[in-house]
Each structure stands twice: as structure tokens, then as C-alpha cells.
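> Please find one structure pasted underneath; my questions will follow.
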Amino acid sequence: MIEQYICPNGVRIVHEKMPYVRSVALGIWVGAGSGDEQESEAGIAHFIEHMLFKGTATRSARTIAEEFDRIGGDVNAFTSKEMTCYYTTVLGHHAPRALTILADMFFNSAFDEAEIAKEKSIVLDEIAAVEDTPDDDVDERLWGVMYPDQAIGKPVLGNEQTINTFNKQMIEQFMERMYRPEQIVISIAGNYDDRLIQLIKVQFGSFKRQAKVEQPIAVQAPEFHAGMTVKAKDIEQAHICIGYPGLTVKDERIHDLIILDSILGGTMSSRLFQEVREERGLAYSICSYYSAYNTTGVFAIYGGTAPENLGELSDTIDEVIQSILREGITENELHNAKEQLKGGFLLGLESSESRMHRNGKNELILQEHKTIDEVVALIDNVQVANVYRMANDIFTQQRATSIIAPENTVNTIEI
């Protein structure tokens with residue numbers, strides 16, 4: 001059973017006991033991501049995620065790493081367009097120690113200027129790694145087409161110009177604005193006792209920020225833009241990513257979209273995989289996926305192919321989409337998609353870390369926790385007509401396209 005507690009300062013604690021495991025997963029979830037950045041701050045949410053591992057008033061970066069190793073803990077973090085999460089998984093009896101280290105990182109990071117300078121170089125290398133990975137880069141560039149001049153369309157990692165300006169003052173100003181008690185969720189799952197919850201209340205339940213300032217970024221739905229970007233690069237394959245307006249994470253039709261994704265390109269039996277890879281041998285990688293956020297959502301299709309096959313791959317993707325719009329889907333496809341989705345959902349809940357992630361994200365973004373049976377019922381209730389209607393809603397809209405290909409291919413593109 002998922003239990004919740006709201007501290008006097010607004011920090012939310014959500015915890016779920018799993019007495020049959022030996023581990024405890026702990027996560028600090030913050031409602032702050034790249035979509036909350038001002039133009040001059042691009043990349044700072046992700047940069048802060050890095051800096052919290054670089055040392056506190058009493059622990060160096062090496063000490064933090066060694067202490068987690070000493071208790072056999074797996075510690076990590078991630079930043080997205082809407083949130084940042086710091087998390088660890090340890091054996092149950094080490095959970096209080098792990099929590100204390102995380103709390104020290106969260107509240108007492110030194111943000112030493114020498115460490116900031118070193119981390120700038122590391123993040124710039126991370127950006128270069130994305131640019132050297134065309135299937136990542138083509139997706140990143142797609143967001144720039146769909147949401148130009150909007151924070152959610154910018155890379156989570158930021159850019160060289162802004163990163164080189166970061167300093168301790170900018171970091172602390174962003175955290176003062178966004179790392180507020182009411183924006184924070186502590187999620188726990190695993191084999192723990194109530195003393196751990198009391199420790200969380202002590203360490204996170206009383207900190208305060210200055211009087212809340214007005215958020216400088218207007219909270220409104222970003223406007224989707226159709227268009228195309230093409231990048232010439234000396235690579236062996238051509239990469240294409242196509243994006244359509246999707247659904248927000250709170251849209252009641254979200255399970256219709258998830259089923260559509262599974263049928264179109266989310267599995268090995270999907271229409272795109274079978275037609276593009278198995279029948280025509282056009283691509284090793286072909287898939288569809290969706291991204292759902294508070295204020296917007298995207299449905300996307302990606303494929304990588306030999307440059308000379310790019311046009312045929314694009315045409316085949318369109319043919320598969322049109323076949324769904326023309327003929328709909330079958331009851332067998334719907335059944336298989338439901339079973340695949342339920343299997344993935346239920347099997348994913350067998351670890352303490354997956355439960356912690358599910359509960360933390362649900363509390364931070366949705367402020368609700370559906371039971372497992374309720375989620376399964378939502379999946380089972382999807383009908384063929386729902387999915388067909390969703391396909392028409394998605395694929396009759398204008399789309400954005402991102403392509404990365406060798407220069408001789410770029411010069412002949414007619415998509």
C-alpha cells in the first residue's frame with residue numbers, strides 16, 4: 001500500500017513497503033527541469049544535477065563515491081524537461097546512511113568554483129557525445145523544430161554558450177527559485193521500517209526558501225510547429241525522426257495513445273517493425289515512441305537506414321500510417337498490445353527501484369496514485385474505436401521532421 005505524508009514545509013513523502021525484498025530505493029524528486037530555464041540558463045538544471053555529486057562542506061566528491069561503495073549502494077541521477085531526480089538503492093539496513101548522504105548532497109553542496117570549471121568541461125563532452133550519436137542528435141533537433149524559441153524544445157544538456165557562464169551564484173539562484181519544499185517529493189520503496197520515514201521528516205521537513213518569487217517563465221502550453229531540419233554529417237547511415245502533436249501526461253486518453261504506439265512501432269510485432277525491417281529489409285532500427293509532459297506531448301517515429309534507402313523508408317512509414325487510417329486496427333492487434341503493455345507494467349513493478357520511480361513521478365506530476373488493478377482496468381477498457389480515433393487525431397495533423405544524413409544524400413532529399 002502506498003502511504004503519503006506532507007511535511008509542514010510542503011515536502012511530500014510517498015512510501016511503499018515491500019517486505020519480500022531486501023533492498024530500499026530512495027529518491028529525491030524535484031519539479032525542476034530544462035523546461036523551467038530562462039534562455040540564459042539553458043542547461044543549468046542538468047548542470048546542478050552534476051554538481052550535487054561534486055562535494056559538500058564535509059564530503060569531497062571522492063568521499064561521496066566511496067561512502068556509497070562502502071554500503072554497496074547504487075547512486076545516480078537524471079534531469080528531464082520537467083524534473084530532476086537523485087536516487088539510490090541499498091540494502092535495507094543501509095538506508096538511513098544512504099539518506100543522510102543524499103541529504104548532505106542536497107542541502108550542503110559546496111559549488112566550488114574549481115569544481116564548476118571542471119564540470120563545465122565534462123558537460124561539454126556530454127553534449128559532444130550526443131552530437132556523435134546520430135539517433136540521439138536527430139531526436140534532439142526534432143524538438144528544436146517542434147518547439148522553437150521555447151524552453152521545452154531546447155536540449156536538456158544546454159549549449160556551450162550558456163554553460164560557460166555558469167557560476168555559484170547562478171546555481172544558487174535557480175535552486176532558490178525551483179528547489180522549493182512544495183516542489184519536492186521524497187519517494188521510498190522496499191523493506192524499511194518507520195524509523196526511516198521519521199528520519200526523512202527530520203532531514204527534509206523543516207527547510208525553507210525565501211518568499212516565493214513569481215516564476216519568470218509563463219506556464220502555458222507550448223505551441224507545436226511543423227517544419228523540417230536537415231543536417232549533413234559524415235556518417236554511414238541516414239537517420240529520420242518524425243514528430244506529431246501528442247497528449248499531455250494527464251490526458252484521460254493517454255492509454256489509447258500508448259496502445260497505438262505499441263501497435264504502430266513499439267514492439268517487434270508492430271506494423272512498422274514488420275513492414276520496414278522484416279518485409280522490406282530497409283532498416284535495422286525502426287520504432288515509434290511518445291513523450292507526455294504537463295503542458296504538451298509528442299508522438300514520434302524514428303528510423304535509421306542506408307542513405308540510398310531514406311526516401312523509400314519515409315514512404316513506407318507513410319504507407320503504414322495510412323493503412324491504419326484507412327483500415328483501422330484488428331482485435332488481435334489490440335489484444336496483443338494490451339497484453340504486452342500489462343506485462344511490461346506488472347513485471348516492471350517487481351523491483352524496489354521501479355516502484356520508487358513510479359510513485360515519485362506520479363506524486364510529483366499527477367498528484368495521484370492509481371492502484372495496479374485500476375491501471376490494468378484502464379488498459380483493458382481501451383477499444384478498437386478509441387485507438388482508431390486516436391490515430392486520426394494524431395496523424396491528420398501537420399508534422400515536424402528531422403534528418404541527419406551524409407552530404408550527398410542531403411543534397412537529394414525530396415521528403
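All residue names refer to the C-alpha cells as shown: chains lettered A, B, ... in order, residues numbered from 1 in each chain, ligands numbered from 1 in order.
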Apply DSSP to the backbone of this structure and, from region 68-245 of chain A, keep only the residues in helix (DSSP H, G or I); write these as an MDAnalysis selection string.
chainID A and resid 68:70 92:108 113:131 134:146 151:153 160:163 168:178 181:183 194:204
> Mind dumping a table of every region 107-201 of chain A residue within 10 Å of region 56-75 of chain A, with the nearest atom pair and its distance in Å to one decimal, using only C-alpha atoms, sorted by chain and rising number, as CSV?

residue,atom,partner,partner_atom,distance
A:Phe107,CA,A:Thr56,CA,8.5
A:Asn108,CA,A:Thr56,CA,5.2
A:Ser109,CA,A:Thr56,CA,4.0
A:Ala110,CA,A:Thr56,CA,4.7
A:Phe111,CA,A:Thr56,CA,7.8
A:Asp112,CA,A:Thr56,CA,9.0
A:Glu115,CA,A:Ala61,CA,9.5
> Write the selection just made, keeping N, CA and C atoms, as a PDB file, in the first residue's frame?

ATOM      1  N   PHE A 107      21.495  19.532   0.454  1.00  0.00           N
ATOM      2  CA  PHE A 107      21.443  20.787   1.200  1.00  0.00           C
ATOM      3  C   PHE A 107      22.786  21.494   1.343  1.00  0.00           C
ATOM      4  N   ASN A 108      23.883  20.759   1.259  1.00  0.00           N
ATOM      5  CA  ASN A 108      25.178  21.333   1.630  1.00  0.00           C
ATOM      6  C   ASN A 108      26.225  21.285   0.531  1.00  0.00           C
ATOM      7  N   SER A 109      25.819  21.105  -0.717  1.00  0.00           N
ATOM      8  CA  SER A 109      26.806  21.092  -1.790  1.00  0.00           C
ATOM      9  C   SER A 109      27.570  22.408  -1.820  1.00  0.00           C
ATOM     10  N   ALA A 110      28.896  22.304  -2.013  1.00  0.00           N
ATOM     11  CA  ALA A 110      29.760  23.479  -1.894  1.00  0.00           C
ATOM     12  C   ALA A 110      29.731  24.362  -3.142  1.00  0.00           C
ATOM     13  N   PHE A 111      29.494  23.785  -4.296  1.00  0.00           N
ATOM     14  CA  PHE A 111      29.540  24.510  -5.568  1.00  0.00           C
ATOM     15  C   PHE A 111      30.853  25.282  -5.696  1.00  0.00           C
ATOM     16  N   ASP A 112      31.930  24.571  -5.437  1.00  0.00           N
ATOM     17  CA  ASP A 112      33.262  25.155  -5.523  1.00  0.00           C
ATOM     18  C   ASP A 112      33.555  25.572  -6.965  1.00  0.00           C
ATOM     19  N   GLU A 115      35.530  23.154  -9.029  1.00  0.00           N
ATOM     20  CA  GLU A 115      34.738  22.006  -9.453  1.00  0.00           C
ATOM     21  C   GLU A 115      33.761  22.394 -10.552  1.00  0.00           C
TER      22      GLU A 115
END
> Using only C-alpha atoms, determine which residues lie at most 8 Å from Gly31 (chain A), disregarding the query and same-chain residues fewer than 5 positions distant; provide the list as a ChimeraX atom specification.
/A:82-84,178-179,183-184,364
> For the selection you just gave me, I'd like the residues written to a file as a compact mmCIF listing (two decimals), in the first residue's frame, keeping C-alpha atoms.

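Output file selection.txt is given in full below:
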# COMPACT_ATOMS: atom_id res chain seq x y z
CA GLU A 82 10.17 18.76 -16.21
CA MET A 83 12.04 17.19 -13.31
CA THR A 84 15.32 16.22 -11.68
CA MET A 178 12.91 25.95 -8.24
CA TYR A 179 14.18 23.68 -5.41
CA GLN A 183 8.32 21.21 -5.44
CA ILE A 184 10.00 18.24 -3.74
CA LEU A 364 5.29 14.95 -8.46
> Pick out the closest residue to Glu223 (chain A) from this set: A:Trp143, A:His255, A:Ser262, A:Glu275. Count only C-alpha atoms.
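Under the stated criterion, the closest residue is A:Trp143.
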> With distances taken over only C-alpha atoms, which residue among A:Phe345, A:Tyr86, A:Phe273, A:Trp29 lies nearest Met51 (chain A)?
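Nearest candidate to Met51 (chain A) out of A:Phe345, A:Tyr86, A:Phe273, A:Trp29: A:Tyr86.
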> Can you list every residue in region 199-336 of chain A that DSSP puts in strand (DSSP E or B), as an MDAnalysis selection string?
chainID A and resid 227:232 238:245 283:292 297:305
> Considering only C-alpha atoms, state which residue in the set A:Val202, A:Cys85, A:Ile372, A:Ala103 is at the smallest distance from Val185 (chain A).
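Checking each of A:Val202, A:Cys85, A:Ile372, A:Ala103 against Val185 (chain A), counting only C-alpha atoms, the winner is A:Cys85.
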> Between A:Cys241, A:Asn386, A:Val276, A:Leu346, which residue has the minimum interatomic distance to Ile254 (chain A), considering only C-alpha atoms?
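Selected residue with least distance to Ile254 (chain A): A:Asn386.
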> Ranking A:Gly27, A:Lys201, A:Val145, A:Thr89 by minimum distance to Tyr5 (chain A) and counting only C-alpha atoms, which one comes first?
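Closest residue, counting only C-alpha atoms: A:Lys201.
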> Got a sec: who's within 10 Å of Thr371 (chain A), counting only C-alpha atoms, leaving out chain neighbours fewer than 6 positions off, as a list in words?
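Returned residues: Met1, Ile2 and Ala377 of chain A.
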> By how many Å are CA of Phe78 (chain A) and CA of Glu172 (chain A) apart?
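Computing the Euclidean distance for CA of Phe78 (chain A) and CA of Glu172 (chain A) yields 18.9 Å.
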> Could you tell me which of A:Ser402, A:Gln397, A:Ser270, A:Ser23 comes closest to Gln340 (chain A) if we count only C-alpha atoms?
A:Ser270
